[in-house]
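Trainee: File follows, input02.cif with mmCIF, C-alpha atoms:
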```
data_my_file
loop_
_atom_site.label_atom_id
_atom_site.label_comp_id
_atom_site.auth_asym_id
_atom_site.auth_seq_id
_atom_site.Cartn_x
_atom_site.Cartn_y
_atom_site.Cartn_z
CA MET A 1 83.80 119.79 89.14
CA LEU A 2 86.78 119.74 91.50
CA SER A 3 88.95 122.85 91.31
CA ASN A 4 92.73 122.97 91.57
CA GLY A 5 92.25 124.27 95.13
CA ASP A 6 89.89 121.41 96.04
CA VAL A 7 92.44 118.83 94.94
CA LEU A 8 95.29 120.62 96.71
CA GLU A 9 93.17 120.55 99.88
CA ILE A 10 92.74 116.77 99.51
CA PHE A 11 96.53 116.40 99.23
CA LYS A 12 97.01 118.57 102.32
CA LYS A 13 94.33 116.78 104.39
CA SER A 14 95.80 113.37 103.59
CA GLY A 15 99.35 114.46 104.43
CA ALA A 16 100.49 114.01 100.83
CA LEU A 17 102.07 117.46 100.37
CA LEU A 18 105.52 117.28 101.94
CA GLU A 19 108.11 120.03 102.43
CA GLY A 20 111.88 119.40 102.68
CA HIS A 21 114.62 118.27 100.26
CA PHE A 22 113.67 115.38 98.02
CA LYS A 23 115.29 113.36 95.27
CA LEU A 24 112.51 112.71 92.76
CA THR A 25 112.02 109.62 90.60
CA SER A 26 113.37 111.68 87.68
CA GLY A 27 116.63 112.26 89.58
CA LEU A 28 115.85 115.96 90.05
CA HIS A 29 115.82 117.57 93.49
CA SER A 30 112.89 119.54 94.91
CA GLY A 31 111.76 121.27 98.09
CA GLN A 32 108.24 119.82 97.75
CA TYR A 33 107.04 116.27 97.25
CA LEU A 34 103.61 114.84 96.59
CA GLU A 35 103.36 111.42 98.25
CA LYS A 36 100.53 109.92 96.20
CA PHE A 37 100.02 106.93 98.45
CA GLN A 38 99.03 109.20 101.33
CA VAL A 39 96.02 110.10 99.13
CA LEU A 40 95.51 106.69 97.51
CA GLN A 41 95.26 104.93 100.90
CA TRP A 42 91.90 106.64 101.37
CA PRO A 43 89.14 105.06 99.21
CA GLU A 44 86.97 108.15 99.67
CA TYR A 45 89.64 110.47 98.21
CA THR A 46 90.69 108.02 95.51
CA GLY A 47 87.09 107.49 94.46
CA LEU A 48 86.42 111.23 94.34
CA LEU A 49 89.54 111.97 92.28
CA CYS A 50 89.01 109.11 89.83
CA LYS A 51 85.36 110.05 89.42
CA GLU A 52 86.55 113.54 88.44
CA ILE A 53 88.98 112.16 85.84
CA ALA A 54 86.20 109.95 84.45
CA GLU A 55 83.82 112.90 84.34
CA ARG A 56 86.29 114.90 82.25
CA PHE A 57 86.48 112.06 79.67
CA LYS A 58 82.91 110.73 79.87
CA ASN A 59 81.98 111.91 76.35
CA ASP A 60 85.09 110.46 74.66
CA ASN A 61 83.87 106.87 74.15
CA ILE A 62 86.78 105.40 76.11
CA GLY A 63 87.11 101.61 75.70
CA VAL A 64 89.88 100.94 78.19
CA VAL A 65 91.79 102.84 80.89
CA VAL A 66 95.51 102.12 81.24
CA GLY A 67 97.85 103.15 84.06
CA PRO A 68 101.51 102.40 84.74
CA VAL A 69 102.44 100.25 87.75
CA THR A 70 102.07 100.99 90.78
CA GLY A 71 99.79 103.93 91.51
CA GLY A 72 98.37 103.71 88.00
CA ILE A 73 96.83 100.32 88.79
CA ILE A 74 94.56 101.86 91.42
CA LEU A 75 93.73 104.86 89.25
CA ALA A 76 93.03 102.77 86.13
CA TYR A 77 90.71 100.45 88.03
CA GLU A 78 88.74 103.18 89.77
CA THR A 79 88.52 105.46 86.72
CA ALA A 80 87.47 102.52 84.52
CA LYS A 81 84.79 101.61 87.07
CA ASN A 82 83.36 105.12 86.76
CA LEU A 83 83.42 104.91 82.94
CA GLY A 84 82.02 101.36 82.84
CA VAL A 85 85.01 99.98 80.90
CA ARG A 86 88.08 97.79 81.46
CA GLY A 87 90.98 99.00 83.58
CA ILE A 88 94.44 97.54 82.91
CA PHE A 89 98.05 98.45 83.57
CA THR A 90 101.51 98.41 82.08
CA GLU A 91 104.64 97.31 83.88
CA ARG A 92 108.32 97.13 83.13
CA GLU A 93 109.77 94.00 81.64
CA GLU A 94 113.52 94.04 81.11
CA GLY A 95 113.45 97.80 81.75
CA LYS A 96 110.76 98.52 79.13
CA MET A 97 107.12 99.44 79.80
CA THR A 98 104.81 96.80 78.33
CA LEU A 99 101.43 95.15 78.57
CA ARG A 100 101.68 91.78 80.31
CA ARG A 101 99.36 89.30 82.06
CA GLY A 102 97.38 88.70 78.87
CA PHE A 103 96.18 92.31 78.59
CA LYS A 104 95.28 93.25 75.02
CA ILE A 105 94.18 96.44 73.32
CA ASN A 106 92.45 96.13 69.97
CA PRO A 107 93.61 98.27 67.04
CA GLY A 108 91.65 101.53 67.11
CA GLU A 109 90.39 100.97 70.66
CA ARG A 110 89.96 104.31 72.45
CA VAL A 111 92.35 104.51 75.40
CA LEU A 112 92.60 106.83 78.37
CA ILE A 113 95.95 106.77 80.16
CA VAL A 114 95.89 107.69 83.86
CA GLU A 115 98.85 108.55 86.07
CA ASP A 116 99.28 109.86 89.57
CA ILE A 117 101.98 112.56 89.65
CA ILE A 118 104.16 113.83 86.80
CA THR A 119 107.25 116.01 86.88
CA THR A 120 108.86 115.15 83.54
CA GLY A 121 106.12 112.85 82.21
CA GLY A 122 108.56 109.99 81.64
CA SER A 123 106.28 107.14 82.73
CA VAL A 124 103.35 108.40 80.65
CA LEU A 125 105.61 108.71 77.60
CA GLU A 126 106.73 105.10 78.18
CA VAL A 127 103.09 103.96 78.32
CA ILE A 128 102.29 105.87 75.10
CA GLU A 129 105.26 104.22 73.39
CA ALA A 130 104.17 100.76 74.58
CA LEU A 131 100.60 101.31 73.36
CA LYS A 132 101.65 102.50 69.91
CA THR A 133 102.52 98.91 68.97
CA THR A 134 98.89 97.84 69.67
CA GLY A 135 97.31 100.33 67.28
CA ALA A 136 95.48 101.94 70.21
CA ASN A 137 93.75 105.28 69.71
CA ILE A 138 95.09 107.26 72.67
CA VAL A 139 92.39 109.81 73.45
CA GLY A 140 93.95 111.51 76.44
CA VAL A 141 95.87 111.47 79.70
CA GLY A 142 94.22 112.00 83.09
CA LEU A 143 96.49 112.99 85.98
CA LEU A 144 96.09 113.50 89.69
CA ALA A 145 98.83 116.13 89.67
CA ASP A 146 101.11 117.86 87.18
CA ARG A 147 104.15 119.30 88.96
CA SER A 148 105.47 120.86 85.73
CA GLY A 149 102.98 123.73 85.85
CA GLY A 150 101.29 122.32 82.74
CA LYS A 151 104.39 122.36 80.51
CA ILE A 152 104.41 118.67 79.56
CA ASP A 153 102.80 117.92 76.17
CA PHE A 154 101.93 114.31 75.38
CA GLY A 155 100.50 115.09 71.95
CA VAL A 156 96.98 114.25 73.20
CA ARG A 157 94.50 115.96 75.49
CA LYS A 158 95.74 116.18 79.07
CA GLU A 159 93.54 116.74 82.13
CA ALA A 160 95.37 117.32 85.41
CA LEU A 161 93.25 117.63 88.55
CA LEU A 162 96.04 119.58 90.25
CA THR A 163 98.57 121.72 88.42
CA MET A 164 101.52 123.10 90.38
CA LYS A 165 104.75 124.76 89.34
CA VAL A 166 107.25 123.16 91.68
CA GLU A 167 110.89 124.17 91.37
CA ASN A 168 113.12 121.24 90.47
CA TYR A 169 116.89 121.28 90.36
CA GLN A 170 119.68 119.26 88.83
CA ALA A 171 121.66 117.78 91.74
CA GLU A 172 124.78 119.80 90.92
CA LYS A 173 122.78 123.08 90.90
CA CYS A 174 120.48 122.37 93.86
CA PRO A 175 120.35 125.26 96.37
CA LEU A 176 119.08 122.87 99.05
CA CYS A 177 122.20 120.74 98.63
CA ALA A 178 124.32 123.90 98.81
CA LYS A 179 122.64 124.78 102.13
CA GLY A 180 123.30 121.28 103.49
CA VAL A 181 119.61 120.39 103.83
CA PRO A 182 119.42 116.57 104.26
CA LEU A 183 118.22 114.79 101.12
CA THR A 184 115.32 112.34 101.27
CA LYS A 185 114.84 109.78 98.49
CA ARG A 186 111.19 108.99 97.79
CA GLY A 187 109.48 106.96 95.09
CA SER A 188 109.99 103.49 93.70
CA LYS A 189 112.56 103.74 90.91
CA LYS A 190 116.13 103.02 91.87
#
```
Hey, can you dump this file as structure tokens for me?

Mentor:
Amino acid sequence: MLSNGDVLEIFKKSGALLEGHFKLTSGLHSGQYLEKFQVLQWPEYTGLLCKEIAERFKNDNIGVVVGPVTGGIILAYETAKNLGVRGIFTEREEGKMTLRRGFKINPGERVLIVEDIITTGGSVLEVIEALKTTGANIVGVGLLADRSGGKIDFGVRKEALLTMKVENYQAEKCPLCAKGVPLTKRGSKK
């Protein structure tokens, strides 16, 4: 079993743990950023991490693994491969997370949601909301990293490979802004 320290070491080795002043996808500011694609570019690391997520849910009779676009596609595929099940993804259509491309989940089908990094858990909550309409049985959420220090509750079992308590700030209360530290925008949401 990979420990929190093992996973942090993978993030460090791959150059994924960044220090500075960042505007997060959530709009919050932070002095640390986890650049998931620095990890996900390495099949060895991605395979190891997804195998660990699969291991933690191997006895839960998962029928399908679902991840949100973009990093979640890679994680869903690789985790599903380790569980021997389907791996699909959700994406936004007209601003709302949805299943597209003919993906279906049968009522009662046991679902594992996977996500890369969470701070507020917004994307996972959107996936949960989208899957409710299918009648899916959401068994749990597997995460590469939880930046909230474990505070986010999805109402189902959550397994984070890395849990960190990273200070986040509202823009108007950000001490890094007050110090004039240049702000870097990362992530994909505009």

Trainee: Could you tell me which residues the PyMOL selection byres ((chain A and resi 36-43) around 8) returns for this structure, as a PyMOL selection string?

Mentor: chain A and resi 10-11+14-16+34-35+44-47+71+74+116-117

Trainee: Using all atoms listed in the file, which of A:Phe22, A:Phe154, A:Tyr77, A:Tyr33 sits nearest A:Thr120?

Mentor: A:Phe154

Trainee: Excluding A:Thr134 and any residue of its chain fewer than 4 positions from it, enumerate the residues within 7 Å of it, using all atoms listed in the file, and give them as a VMD selection string.

Mentor: chain A and resid 105 to 107

Trainee: Restricting the calculation to only C-alpha atoms, which member of A:Leu75, A:Leu18, A:Ala171, A:Leu125 is positioned closest to A:Val156?

Mentor: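 Closest residue, counting only C-alpha atoms: A:Leu125.
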
Trainee: Can you give me, as a list in words, the residues this file yields under the PyMOL selection byres ((chain A and resi 165) around 12)?

Mentor: Ser30, Gly31, Gln32, Tyr33, Ile118, Thr119, Thr120, Ala145, Asp146, Arg147, Ser148, Gly149, Gly150, Lys151, Ile152, Leu162, Thr163, Met164, Val166, Glu167 and Asn168 of chain A
